[in-house]
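First up is the structure itself, then whatever we jot down about it.
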There are 2 protein chains.
Amino acid sequence: MTQATTHPPSGSTATTATYDTLIGRVVEANLLGSTASILSWDQETMMPPGGVDHRSRQLGLLARLNHQMETDPMIGEELGLCEADTAFMNSGSIEASNVREIRRTYDRATKLPQRLVSELAEVSGKSQHEWAAARKESDFARFRPWLERLVKLNREKAACLGVPTGGEPWDALADLYEPGCTAAGVTEVFTPLRERLRKLIAELLAGSRKPSNRFNETELAVDVQSAFVRTIVESIGFDFQRGRLDTSTHPFCGGSHCDDVRMTTRYTPTCLNDALGSSMHEAGHGIYEQGLTRSAIGTPAGEAVSLGIHESQSRLWENQVGRSRQFWNWCAPKMAGFFGKSVEGFTPEDLYAAANVVEPGFIRVDADEATYNMHVMIRFELERLLISGALDPKDLPGEWNRRYLEYLGVKVPDDRRGCLQDVHWSMGAFGYFPTYTLGTLYSAQFFEAAKRAIPGLEAGFARGEFRPLREWLNKEIHAHGRRYSPSELCVRVTGAPLSSACYLNYLEGKLRPLYGA
Amino acid sequence: MTQATTHPPSGSTATTATYDTLIGRVVEANLLGSTASILSWDQETMMPPGGVDHRSRQLGLLARLNHQMETDPMIGEELGLCEADTAFMNSGSIEASNVREIRRTYDRATKLPQRLVSELAEVSGKSQHEWAAARKESDFARFRPWLERLVKLNREKAACLGVPTGGEPWDALADLYEPGCTAAGVTEVFTPLRERLRKLIAELLAGSRKPSNRFNETELAVDVQSAFVRTIVESIGFDFQRGRLDTSTHPFCGGSHCDDVRMTTRYTPTCLNDALGSSMHEAGHGIYEQGLTRSAIGTPAGEAVSLGIHESQSRLWENQVGRSRQFWNWCAPKMAGFFGKSVEGFTPEDLYAAANVVEPGFIRVDADEATYNMHVMIRFELERLLISGALDPKDLPGEWNRRYLEYLGVKVPDDRRGCLQDVHWSMGAFGYFPTYTLGTLYSAQFFEAAKRAIPGLEAGFARGEFRPLREWLNKEIHAHGRRYSPSELCVRVTGAPLSSACYLNYLEGKLRPLYGA
C-alpha cells in the first residue's frame, strides 16, 4: 500500500472514512433544508393566498426534521474523531475547514435547548404579525411587549451560545450572521465612518450643483421594464439556465443550490432605477450563489461564507458597477431600444446623475449610497443597547428619533416611518443589521483589488464587458465557500483587513464632482 | 362523567385517544408528502433546467422520509387497538372509515420490502429516461429490456401486495389506483362498451354530415387564449384564491391541499380547443381537490377516493359541460370579446360542432370522445396479458398494432406513434390506464344523476350557471373524501353500480345528430 492519498490530503484512512460518513449526513440535512428554501421562495412568488396556513405547517415540519438531522449525536461523534486526528486538522485542506465549519453549525444547533428554539420560533412568528399591524397603525405600544419578549429571549439565546471572552452578548448573536463579528470591532469601523459620512452629506447638500431627479420620475411600462431588467442582469452574468427572476413585495435572492437560484425584484411604473437597482443587487447575490462549487453542494465548502460577504457581492454589482458612469454609457443606448421616445433627451450623463441623487430620508430601503449606512449604524447602536440591557425597549422610539435628527438631520414624523419600519427585530434577528454596512465596505475594498488585478476594468463596463470582474470574483471569493473566515478572506483578496477607507474614497470621489462639493 | 362523546361517536375513550394519536402521525406524513407535491409542480412549471439532478435527490429524500413515517410500527399498533374496538369500527363514523383507509395505506406500504421499493424507484427512473430516448428514435428494441424488468418487478410487487381470492396479479396493482378494481370487473364493463363504440364510430364515419374542423385550424394569439381560458375555468368554479393555472409540457393537476391547488395547461396557436379542453379537464380535477374538506386535510376523509372518480370530475367538466351545445351558446359571445375579428363568422353551433369532431387516430391524448376509450381498452388488454405472463414483452408492438387496426381501423405507422407513445409503463404504472375509461363512464352516470337532481341543469349552462352542478358534485362526491369506496359512492350518488349505459346514451345522443348517423 502506497502513502499517496488524495482525499483527504493528510490524516489516517480511518479519518477519511469517518469524514465521508460525516459529510454524507451533512449533505442530507442540507438537501432537506434546500427543499424548505424552494417552499419559502414559492410562498413569496407563486403561492395562492389560501396556502398560507398549510405552508407554515410544512415549513415548521421541515425545520424540525432538519434540526433533528443537524443535531444527530453521530455528527458530534464523527466530528470528535476527525478533530482528534491533528495531521488531518492541520493539513490546511478543504476537508479540515469543512470539519471546522460543521463544528460551528453543530455546536450552535446543539447549544440551544429545544424549548428555546420552539419558543423563539413561536414568539417571532406571532410577533411579525403584531409588528405588521403595529406598523400599519404606527402604534409602537402594540409592538412593545413583543419587542420586550424578543429581547429577553435573545439575551437568553446569547447566553446559551456563549459570549466570547472580553465580548458582550450581542457578539454571540452577530456571530450567527457574520462569523467573528463583535460589537467592539464593528464600533471601531463604524465610528470614524459615521463622522466622515456626516461631513460628506453636509458638504453634498451644500454643494454648488444638484443632479436632476427627472429620470426617476419618468413613467415607463412595467412589462418593458421587466424585459429590460432581465437583459441587464443576464449581461452582467446571471445565468437563466440556472436561475429565475420573479416579482415579490420585498426583493430577495433564494433558491436551492448553485444551479437553481431564485431571485426577485419589484417594479414601480415611475422609477426604473428601483427595479434596476434591486435587480442588480439581487443578481449580485445570485451570481455569488451560482459561483459556488457544484461538487461541494451541501457542504461548507459549497456555501456562502457570511451575510456580510454576500452583501458585498450585491452592493458591488448594484453600486460600483450599476451606479458608475461607464455602466450608464453602455446602458443608455440599450434603454433607447427598449423604451424609445420615453427616454429620449436623457444623456448617459443625465442617467448616471439620476442614479446618484443623494437625499436624507427616514426609510432605510429607499436610501441612497451616502445616507444608507447612517440608517444601519443607528440600528446597530440601538440593538447593541437593547441586548446589553442599557436601553429599555420602551425608550426605543425616542432614542431612534434623536439619532435620526443628529446623524441625518431629519425629524421622524411617526413610528411607522421610524423604529417600526424594519421587519428584522420582529423576527428576532438581532446582530443582522451591521452586515449591510460591512458588506458595503467589503464591496469597495474588493472593487479596489479588482481594479488593481484587471487593467481597464471600469473602461470595459462601457463596452458591456462584465465577465472579467465576474470571473475574478468567482476565483477570489465565490469558489472558496466557507473555507476562510470573512476577515481571512478579506486579507487574502485585498491584502488588508476591512476598513472604511476604500468606501469613503469611492463615495467621495464619485459624489463630490456630481454635487460640486 | 357522562356518556356523551361526540368524537368519535362510539368506542371507548381509550380508543378516542389512540385514534387521535394515530391521526396525528398520518397528518404529519401527509404534510411531508404535500411538500414533495409542490416540488414536483415546481419541477414541471418553474424550475430552471439546471435544477434537474438536485431536484430528483430532494424528491428521493422526501420519499424515503415519507415512507419511514408511513411505516412507523406505532401506526400498526394504534391501528390494531382501534380495530379491536368493534363498537368504534361498526359505528359507521368518519373515524371508522379513516381507520379502514389508514389500514389500506399502511398495509400497502409495509407489505413491500424496502429492497423492492428502491429497485422499482431506481429502475423506473432510468427506464423513463430510456423510454424517452427510444420513443424519439421509434426504437422499441431499446426499451424492451426495461419493459421486461418492469413487468418482472411488477409481478413481484403484485405477489407482495397479495392477489385477491379468485383474482389475478393485475388486480393487486390496479387496486393501488382504484380500490376494488379487478380485471374481471373491468372486462365485464369494457367488452360490451368496445362493441358498441366500434359500431358507433363506423356509423358516424359513414354518416350524412361531418362537422367542420375549420375553427380548430384558426390561429389565435396564445396570450389572449391564456386570458380567455382563465376566465372560463374561473366561471365554472375554480377558485384562484386557492389555486393557480400555469403552463407545462403535459397538463396536470397537483398542489399541496384543498387551498393550494396547482393545475397546468398548454397552448397551441392554431387550436383553442386544445387549451380550453385541457384546462376544463384539469379544472375538473382542481374543483374536486378544492372541494375536499379543509378540516380533514391529511386524513383519508380529506383525500380523493380514487383515480377513476378523480377522472370522472375532469371528464364531466371537459365533456358533459365543455362539449355541450348550451356551453357554447354561453361561450361564443365571450369569445368574441376576447378574440374579436378572428372568430367572426363562427356561430355557436359551428363551435359546438368543432368541439365534437370525431376522427380515429393513433394518439390517445389527441383522441376525441368517441375513440378515446378504444385507446384505453387496448392498453388494458395488453397490460393484463403482460402481467399475467401470457404476452411476452417482445410481442407487444405486433399485438398493439393488430388491435389498433381491429378496433380503430388505423394502421400504426411506427412504434413512436404506437406502443411507445405513453409514459405510464416506463414509470412502472400497470393497472392505471383503465381509470381513464372508468372515469369517463362515471362522469356520464354522475351527470345523469345531476340532471335528475337539478331541474334545468343544462339550460343553465347557456346562462353561465355552473354553480348548481359544482355544489351538487361537492355535496355528493367531493365532501366524502375516502369515506366510501368508488363503487359504494357510485351507488349512493346514482342509485346503480357503474355501467356503460349512461355514457353510450350520452355519446350517441350527441354525436349521431351531428353526423347525420
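Going by the C-alpha cells order, chains are called A, B, ..., each with residues numbered from 1, while ligands are numbered from 1 in the order shown.
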
Can you list every residue of chain B that has an atom at most 7 Å from chain A, with its nearest atom pair and the distance in Å to one decimal, using only C-alpha atoms, ordered by chain then number, as JSON lines?
```
{"residue": "B:Leu31", "atom": "CA", "partner": "A:Gln58", "partner_atom": "CA", "distance": 6.1}
{"residue": "B:Leu32", "atom": "CA", "partner": "A:Gln58", "partner_atom": "CA", "distance": 6.8}
{"residue": "B:Thr35", "atom": "CA", "partner": "A:Gln58", "partner_atom": "CA", "distance": 6.6}
{"residue": "B:Pro48", "atom": "CA", "partner": "A:Arg242", "partner_atom": "CA", "distance": 5.4}
{"residue": "B:Pro49", "atom": "CA", "partner": "A:Gln241", "partner_atom": "CA", "distance": 5.6}
{"residue": "B:Gly50", "atom": "CA", "partner": "A:Arg242", "partner_atom": "CA", "distance": 4.7}
{"residue": "B:Gly51", "atom": "CA", "partner": "A:Asp260", "partner_atom": "CA", "distance": 5.0}
{"residue": "B:Gln58", "atom": "CA", "partner": "A:Leu31", "partner_atom": "CA", "distance": 6.1}
{"residue": "B:Gln241", "atom": "CA", "partner": "A:Pro48", "partner_atom": "CA", "distance": 5.6}
{"residue": "B:Arg242", "atom": "CA", "partner": "A:Gly50", "partner_atom": "CA", "distance": 4.7}
{"residue": "B:Gly243", "atom": "CA", "partner": "A:Pro48", "partner_atom": "CA", "distance": 5.6}
{"residue": "B:Arg244", "atom": "CA", "partner": "A:Pro48", "partner_atom": "CA", "distance": 6.8}
{"residue": "B:Asp259", "atom": "CA", "partner": "A:Gly50", "partner_atom": "CA", "distance": 4.9}
{"residue": "B:Asp260", "atom": "CA", "partner": "A:Gly51", "partner_atom": "CA", "distance": 5.1}
```

Next item on the list: Using backbone DSSP assignments, extract all strand (DSSP E) residues from region 255-499 of chain B; output them as a list in words.
Entry: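 The residues of region 255-499 of chain B classed as strand (DSSP E) are Gly255, Ser256, His257, Asp260, Val261, Arg262, Met263, Thr264 and Thr265 of chain B.
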
Checklist line | Shortest interatomic distance to Leu147 (chain A) - which of A:Tyr177, A:Phe430, A:Phe466, A:Tyr506, counting only C-alpha atoms | finding: A:Phe430

Might you pull out every residue within 12 Å of Asn373 (chain A), with only C-alpha atoms counted and same-chain residues fewer than 2 positions away left off, and present them as a PDB file with N, CA and C atoms, in the first residue's frame?
```
ATOM      1  N   VAL A 189     -14.874  50.242  13.331  1.00  0.00           N
ATOM      2  CA  VAL A 189     -15.017  50.598  11.911  1.00  0.00           C
ATOM      3  C   VAL A 189     -16.084  51.684  11.731  1.00  0.00           C
ATOM      4  N   PHE A 190     -17.168  51.565  12.491  1.00  0.00           N
ATOM      5  CA  PHE A 190     -18.317  52.450  12.242  1.00  0.00           C
ATOM      6  C   PHE A 190     -18.086  53.884  12.732  1.00  0.00           C
ATOM      7  N   THR A 191     -17.374  54.049  13.858  1.00  0.00           N
ATOM      8  CA  THR A 191     -17.275  55.390  14.453  1.00  0.00           C
ATOM      9  C   THR A 191     -16.636  56.412  13.505  1.00  0.00           C
ATOM     10  N   LEU A 193     -16.365  56.114  10.328  1.00  0.00           N
ATOM     11  CA  LEU A 193     -17.211  56.151   9.133  1.00  0.00           C
ATOM     12  C   LEU A 193     -18.364  57.128   9.329  1.00  0.00           C
ATOM     13  N   ARG A 194     -18.964  57.062  10.505  1.00  0.00           N
ATOM     14  CA  ARG A 194     -20.115  57.917  10.776  1.00  0.00           C
ATOM     15  C   ARG A 194     -19.744  59.399  10.668  1.00  0.00           C
ATOM     16  N   GLU A 195     -18.567  59.722  11.228  1.00  0.00           N
ATOM     17  CA  GLU A 195     -18.171  61.133  11.207  1.00  0.00           C
ATOM     18  C   GLU A 195     -17.885  61.623   9.792  1.00  0.00           C
ATOM     19  N   ARG A 196     -17.174  60.789   9.027  1.00  0.00           N
ATOM     20  CA  ARG A 196     -16.854  61.189   7.644  1.00  0.00           C
ATOM     21  C   ARG A 196     -18.125  61.295   6.811  1.00  0.00           C
ATOM     22  N   LEU A 197     -19.063  60.343   7.025  1.00  0.00           N
ATOM     23  CA  LEU A 197     -20.305  60.367   6.238  1.00  0.00           C
ATOM     24  C   LEU A 197     -21.138  61.604   6.574  1.00  0.00           C
ATOM     25  N   ARG A 198     -21.186  61.917   7.874  1.00  0.00           N
ATOM     26  CA  ARG A 198     -21.968  63.078   8.269  1.00  0.00           C
ATOM     27  C   ARG A 198     -21.417  64.343   7.598  1.00  0.00           C
ATOM     28  N   ILE A 201     -22.199  64.211   3.706  1.00  0.00           N
ATOM     29  CA  ILE A 201     -23.602  64.508   3.391  1.00  0.00           C
ATOM     30  C   ILE A 201     -23.847  66.025   3.478  1.00  0.00           C
ATOM     31  N   PRO A 360     -31.261  62.797   2.199  1.00  0.00           N
ATOM     32  CA  PRO A 360     -31.525  62.159   3.509  1.00  0.00           C
ATOM     33  C   PRO A 360     -33.020  61.930   3.710  1.00  0.00           C
ATOM     34  N   ILE A 363     -36.411  56.404   5.540  1.00  0.00           N
ATOM     35  CA  ILE A 363     -36.592  54.983   5.237  1.00  0.00           C
ATOM     36  C   ILE A 363     -35.295  54.357   4.712  1.00  0.00           C
ATOM     37  N   ARG A 364     -34.844  53.328   5.411  1.00  0.00           N
ATOM     38  CA  ARG A 364     -33.587  52.674   5.040  1.00  0.00           C
ATOM     39  C   ARG A 364     -33.593  52.140   3.617  1.00  0.00           C
ATOM     40  N   VAL A 365     -34.642  51.392   3.276  1.00  0.00           N
ATOM     41  CA  VAL A 365     -34.596  50.709   1.975  1.00  0.00           C
ATOM     42  C   VAL A 365     -34.706  51.670   0.801  1.00  0.00           C
ATOM     43  N   ASP A 366     -35.117  52.920   1.065  1.00  0.00           N
ATOM     44  CA  ASP A 366     -35.176  53.911  -0.008  1.00  0.00           C
ATOM     45  C   ASP A 366     -33.920  54.775  -0.067  1.00  0.00           C
ATOM     46  N   ALA A 367     -32.962  54.515   0.816  1.00  0.00           N
ATOM     47  CA  ALA A 367     -31.832  55.446   0.961  1.00  0.00           C
ATOM     48  C   ALA A 367     -30.820  55.327  -0.173  1.00  0.00           C
ATOM     49  N   ASP A 368     -30.131  56.424  -0.452  1.00  0.00           N
ATOM     50  CA  ASP A 368     -29.044  56.454  -1.427  1.00  0.00           C
ATOM     51  C   ASP A 368     -27.756  55.943  -0.787  1.00  0.00           C
ATOM     52  N   GLU A 369     -26.695  55.878  -1.609  1.00  0.00           N
ATOM     53  CA  GLU A 369     -25.423  55.332  -1.123  1.00  0.00           C
ATOM     54  C   GLU A 369     -24.795  56.125   0.018  1.00  0.00           C
ATOM     55  N   ALA A 370     -24.978  57.444  -0.013  1.00  0.00           N
ATOM     56  CA  ALA A 370     -24.306  58.273   1.010  1.00  0.00           C
ATOM     57  C   ALA A 370     -24.991  58.166   2.357  1.00  0.00           C
ATOM     58  N   THR A 371     -26.312  58.096   2.353  1.00  0.00           N
ATOM     59  CA  THR A 371     -27.032  58.102   3.637  1.00  0.00           C
ATOM     60  C   THR A 371     -27.341  56.691   4.153  1.00  0.00           C
ATOM     61  N   HIS A 375     -28.415  54.838   8.393  1.00  0.00           N
ATOM     62  CA  HIS A 375     -29.580  54.074   8.860  1.00  0.00           C
ATOM     63  C   HIS A 375     -29.122  52.806   9.581  1.00  0.00           C
ATOM     64  N   VAL A 376     -28.138  52.143   8.996  1.00  0.00           N
ATOM     65  CA  VAL A 376     -27.670  50.879   9.575  1.00  0.00           C
ATOM     66  C   VAL A 376     -26.975  51.120  10.910  1.00  0.00           C
ATOM     67  N   MET A 377     -26.169  52.166  10.958  1.00  0.00           N
ATOM     68  CA  MET A 377     -25.418  52.422  12.196  1.00  0.00           C
ATOM     69  C   MET A 377     -26.350  52.745  13.356  1.00  0.00           C
ATOM     70  N   ILE A 378     -27.408  53.504  13.066  1.00  0.00           N
ATOM     71  CA  ILE A 378     -28.396  53.802  14.114  1.00  0.00           C
ATOM     72  C   ILE A 378     -28.981  52.507  14.665  1.00  0.00           C
ATOM     73  N   ARG A 379     -29.331  51.600  13.777  1.00  0.00           N
ATOM     74  CA  ARG A 379     -29.912  50.323  14.213  1.00  0.00           C
ATOM     75  C   ARG A 379     -28.912  49.505  15.040  1.00  0.00           C
ATOM     76  N   PHE A 380     -27.657  49.488  14.569  1.00  0.00           N
ATOM     77  CA  PHE A 380     -26.630  48.752  15.319  1.00  0.00           C
ATOM     78  C   PHE A 380     -26.492  49.297  16.731  1.00  0.00           C
ATOM     79  N   TYR A 407     -27.860  62.363  13.219  1.00  0.00           N
ATOM     80  CA  TYR A 407     -26.995  61.811  12.164  1.00  0.00           C
ATOM     81  C   TYR A 407     -27.423  62.248  10.761  1.00  0.00           C
ATOM     82  N   LEU A 408     -28.721  62.375  10.543  1.00  0.00           N
ATOM     83  CA  LEU A 408     -29.205  62.622   9.171  1.00  0.00           C
ATOM     84  C   LEU A 408     -29.955  63.947   9.042  1.00  0.00           C
ATOM     85  N   PHE A 433     -28.277  43.639  11.266  1.00  0.00           N
ATOM     86  CA  PHE A 433     -28.163  44.908  10.527  1.00  0.00           C
ATOM     87  C   PHE A 433     -26.738  45.286  10.099  1.00  0.00           C
ATOM     88  N   PRO A 434     -25.731  45.157  10.991  1.00  0.00           N
ATOM     89  CA  PRO A 434     -24.394  45.620  10.607  1.00  0.00           C
ATOM     90  C   PRO A 434     -23.865  44.948   9.338  1.00  0.00           C
ATOM     91  N   THR A 435     -24.369  43.727   9.033  1.00  0.00           N
ATOM     92  CA  THR A 435     -23.839  43.048   7.840  1.00  0.00           C
ATOM     93  C   THR A 435     -24.114  43.859   6.576  1.00  0.00           C
ATOM     94  N   TYR A 436     -25.164  44.696   6.612  1.00  0.00           N
ATOM     95  CA  TYR A 436     -25.439  45.547   5.445  1.00  0.00           C
ATOM     96  C   TYR A 436     -24.296  46.530   5.206  1.00  0.00           C
ATOM     97  N   THR A 437     -23.817  47.136   6.295  1.00  0.00           N
ATOM     98  CA  THR A 437     -22.744  48.115   6.128  1.00  0.00           C
ATOM     99  C   THR A 437     -21.390  47.434   5.955  1.00  0.00           C
ATOM    100  N   LEU A 438     -21.182  46.336   6.688  1.00  0.00           N
ATOM    101  CA  LEU A 438     -19.939  45.583   6.469  1.00  0.00           C
ATOM    102  C   LEU A 438     -19.842  45.182   5.003  1.00  0.00           C
ATOM    103  N   GLY A 439     -20.954  44.711   4.425  1.00  0.00           N
ATOM    104  CA  GLY A 439     -20.976  44.317   3.018  1.00  0.00           C
ATOM    105  C   GLY A 439     -20.641  45.482   2.109  1.00  0.00           C
ATOM    106  N   THR A 440     -21.178  46.645   2.439  1.00  0.00           N
ATOM    107  CA  THR A 440     -20.912  47.843   1.639  1.00  0.00           C
ATOM    108  C   THR A 440     -19.418  48.178   1.666  1.00  0.00           C
ATOM    109  N   LEU A 441     -18.824  48.079   2.851  1.00  0.00           N
ATOM    110  CA  LEU A 441     -17.390  48.378   2.967  1.00  0.00           C
ATOM    111  C   LEU A 441     -16.549  47.324   2.239  1.00  0.00           C
ATOM    112  N   SER A 500     -12.930  51.374   6.374  1.00  0.00           N
ATOM    113  CA  SER A 500     -13.889  52.143   5.577  1.00  0.00           C
ATOM    114  C   SER A 500     -13.196  53.031   4.550  1.00  0.00           C
ATOM    115  N   TYR A 503     -14.151  52.608   0.801  1.00  0.00           N
ATOM    116  CA  TYR A 503     -15.542  53.006   0.567  1.00  0.00           C
ATOM    117  C   TYR A 503     -15.673  54.528   0.551  1.00  0.00           C
ATOM    118  N   LEU A 504     -15.027  55.170   1.512  1.00  0.00           N
ATOM    119  CA  LEU A 504     -15.132  56.628   1.583  1.00  0.00           C
ATOM    120  C   LEU A 504     -14.461  57.283   0.376  1.00  0.00           C
ATOM    121  N   LEU A 507     -16.836  56.813  -2.541  1.00  0.00           N
ATOM    122  CA  LEU A 507     -18.058  57.608  -2.440  1.00  0.00           C
ATOM    123  C   LEU A 507     -17.765  59.093  -2.664  1.00  0.00           C
TER     124      LEU A 507
END
```

Next item on the list: Find, counting only C-alpha atoms, the residue in A:Cys419, A:Val343, A:Leu276, A:Val151 that gets nearest to Ile387 (chain A).
Entry: A:Val151

Notebook entry, point to check: Could you state the separation of CA of His480 (chain B) and CA of Arg103 (chain B) in Å, given to one decimal place?
Noted result: 18.0 Å

Note to self: Could you go through region 347-434 of chain A and tell me which residues DSSP, when run on the backbone, assigns to alpha helix (DSSP H), listing them as a PyMOL selection string?
What the structure shows: chain A and resi 348-354+369-388+396-403+434

Using C-alpha atoms, can you write the selected residues to a file as a compact mmCIF listing (two decimals), in the first residue's frame?
```
# COMPACT_ATOMS: atom_id res chain seq x y z
CA PRO A 348 -25.83 58.94 -20.40
CA GLU A 349 -24.57 61.63 -18.02
CA ASP A 350 -28.16 62.52 -17.02
CA LEU A 351 -28.88 58.86 -16.26
CA TYR A 352 -25.63 58.48 -14.33
CA ALA A 353 -26.50 61.54 -12.26
CA ALA A 354 -30.08 60.33 -11.66
CA GLU A 369 -25.42 55.33 -1.12
CA ALA A 370 -24.31 58.27 1.01
CA THR A 371 -27.03 58.10 3.64
CA TYR A 372 -27.73 54.33 3.64
CA ASN A 373 -25.11 53.38 6.17
CA MET A 374 -26.30 56.00 8.65
CA HIS A 375 -29.58 54.07 8.86
CA VAL A 376 -27.67 50.88 9.58
CA MET A 377 -25.42 52.42 12.20
CA ILE A 378 -28.40 53.80 14.11
CA ARG A 379 -29.91 50.32 14.21
CA PHE A 380 -26.63 48.75 15.32
CA GLU A 381 -26.19 51.20 18.17
CA LEU A 382 -29.75 50.70 19.38
CA GLU A 383 -29.83 46.90 19.21
CA ARG A 384 -26.49 46.72 20.98
CA LEU A 385 -28.00 48.78 23.83
CA LEU A 386 -31.19 46.68 23.83
CA ILE A 387 -29.28 43.42 24.12
CA SER A 388 -26.86 44.71 26.76
CA LEU A 396 -36.64 52.92 21.67
CA PRO A 397 -38.75 55.45 19.70
CA GLY A 398 -37.19 58.44 21.49
CA GLU A 399 -33.63 57.20 21.01
CA TRP A 400 -34.36 56.31 17.40
CA ASN A 401 -35.76 59.74 16.56
CA ARG A 402 -32.99 61.59 18.43
CA ARG A 403 -30.32 59.79 16.37
CA PRO A 434 -24.39 45.62 10.61
```

Checklist line | Selected residue, from A:Leu200, A:Arg483, A:Pro393, A:His424, that lies nearest to Val99 (chain A) when counting only C-alpha atoms | finding: A:Arg483

Check: Which is closest to Ser426 (chain B) among B:Ser443, B:Ser127, B:Gln43, B:Gln313, if we use only C-alpha atoms?
Finding: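 Comparing B:Ser443, B:Ser127, B:Gln43, B:Gln313 against Ser426 (chain B), the winner is B:Ser127.
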
Next item on the list: Show which residues sit within 10 Å of Arg512 (chain A), as a ChimeraX atom specification. Count only C-alpha atoms, and ignore same-chain residues fewer than 4 positions away.
Entry: /A:200-201,203-204,207-209,507-508,516-517

Margin query: So that I can check the surroundings of Tyr267 (chain B), please list as a PyMOL selection string every protein, DNA and RNA residue that reaches within 8 Å of it, counting only C-alpha atoms and ignoring chain neighbours fewer than 4 positions away.
Written below: chain B and resi 222+225-226+247+271-272+274-275

Next item on the list: Please provide the set of residues having any atom within 10 Å of Gly322 (chain A), restricted to only C-alpha atoms, with same-chain residues fewer than 4 positions apart removed, written as a PyMOL selection string.
Entry: chain A and resi 232+236+273+276-277+280-281+315-318+326-328+331+352+355+461

Checklist line | For CA of Glu122 (chain A) and CA of Gln290 (chain B), the interatomic separation in Å (one decimal) | finding: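 Straight-line distance from CA of Glu122 (chain A) to CA of Gln290 (chain B) works out to 29.1 Å.
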
Check: What separation in Å, quoted to one decimal, exists between CA of Leu473 (chain A) and CA of Pro179 (chain A)?
Finding: 20.5 Å
